[in-house]
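Comments concern the structure below.
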Amino acid sequence: MSKELLSALAILLILFGSPGVLAQSPAKAPAAQPPAKPPAPSPPAPTPPAPSPPAHAPATPKVAPAPKAMGPPNITAILEKAGHFSTLIRLLKSSQQEARITEELNKTSQGLTILAPSDKAFGNLKLGTLNSFNDNQKVQLAEFHILPNYLTLAQFQTVSNPVLTEAGDTSKNQFPLNVITSADQANISLSSGIVNTTISDTVYTDGKLAVYEVDNVLLPMRFFVTPSPAPAPSVPMDKSPPSSSGGSITNAPVKSGATGMTYRALDATFAAVFIVALFPFCL
């Protein structure tokens with residue numbers, strides 16, 4: 001053990017005692033170079049100016065597109081949206097009044113007013129009443145609920161009776177419709193002469209078409225009044241001459257060609273009577 005220690009110490013002495021080893025200096029580390037600077041960015045290329053329009057061609061202003069033309073209101077859609085008008089809708093369709101309303105609104109500036117009986121109003125009719133009407137009467141019934149001009153509720157207070165409807169003739173026993181206003185102008189009632197009803201609600205109004213709900217179906221007088229019988233034709237007078245077998249000939253018309261003969265026959269008759277009358281005096 002001691003020998004090994006001595007050997008190690010000897011080796012250390014030899015190493016540190018050697019002049020070549022002591023004179024050698026450690027190698028210098030290479031000098032650190034400063035980091036390279038990044039290249040400066042090149043300036044952006046100048047943007048060329050936008051070409052200006054020529055002086056003689058001014059910019060065209062943008063024009064907003066014209067609004068699409070609105071069609072007339074759809075009466076069926078209005079009634080369907082309001083609800084409880086299914087019977088009236090069927091009546092308008094079966095009588096061709098649905099298409100007629102659209103046509104009228106397209107071509108007239110006066111507008112239309114529709115008196116719309118609800119399903120309850122049709123239910124108030126006597127059972128089978130509506131089905132008892134023929135096709136022409138159903139058309140007239142639908143027309144009787146359409147006024148050929150636009151009326152506000154306030155204008156009902158000043159209309160002249162009878163009010164004209166699309167059914168036409170307003171004379172007695174035809175299609176007269178009268179407006180009855182209350183003293184306080186709170187209610188508007190209508191009378192056909194058969195049925196009275198009241199405007200109970202405004203269903204739709206746009207300044208051209210007004211739809212008002214009514215509590216009863218307006219039945220026109222025409223449906224319940226028996227028309228007067230037509231006068232019998234006059235019998236022409238018989239101008240033929242009477243038979244020669246009897247009757248007086250003094251009142252019979254005589255043709256111009258036989259006038260002379262008639263007068264001569266009369267003269268002969270009077271002459272014979274005169275002679276017979278004088279005969280006794282001659283004896």
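Chain labels follow the order of the structure tokens: the first chain is A, the next B, and so on; residue numbering restarts at 1 in every chain, and ligands are counted from 1 in their shown order.
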
Q: Name the residues in contact with Thr205 (chain A) at a cut-off of 12 Å, using only C-alpha atoms, excluding same-chain residues fewer than 3 positions from it; report them as a PyMOL selection string.
A: chain A and resi 73+75+78+111-114+150-153+201-202+208-213

Q: Show which residues sit within 6 Å of region 85-102 of chain A, as number ranges by chain. Count only C-alpha atoms, and ignore same-chain residues fewer than 3 positions away.
A: A: 79, 105, 118-119, 139

Q: Mind listing the helix (DSSP H, G or I) residues of region 89-165 of chain A, per DSSP on the backbone, as a VMD selection string?
A: chain A and resid 89 to 94 97 to 107 119 to 123 129 to 132 135 to 143 155 to 157

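You will find CA of Asn187 (chain A) at 10.2 Å from CA of Phe156 (chain A).
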
Q | From A:Ser200, A:Ser160, A:Asn124, A:Ser171, residue lying nearest Val217 (chain A) [only C-alpha atoms] | A | A:Asn124

Q | Residue nearest Leu190 (chain A) - candidates A:Asn216, A:Asn173, A:Gln140, A:Asn134, atoms counted: only C-alpha atoms | A |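 Residue with the minimum atom-to-atom distance to Leu190 (chain A): A:Asn216.
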
Q. So what do you get for CA of Thr129 (chain A) versus CA of Phe224 (chain A), distance-wise?
A.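 Between CA of Thr129 (chain A) and CA of Phe224 (chain A) the gap works out to 11.8 Å.
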
Q: Excluding Asp184 (chain A) and residues on its chain fewer than 4 positions from it, collect all residues at most 12 Å away from it, counting only C-alpha atoms, and give them as a ChimeraX atom specification.
A: /A:157,180,188

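In this comparison, which uses only C-alpha atoms, the residue of A:Ala167, A:Gln155, A:Leu125, A:Pro72 approaching Lys138 (chain A) most closely is A:Ala167.
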
Q | Counting only C-alpha atoms, the residue of A:Tyr204, A:Leu177, A:Asn74, A:Leu218 that sits nearest Phe122 (chain A) | A |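 Closest candidate: A:Leu218.
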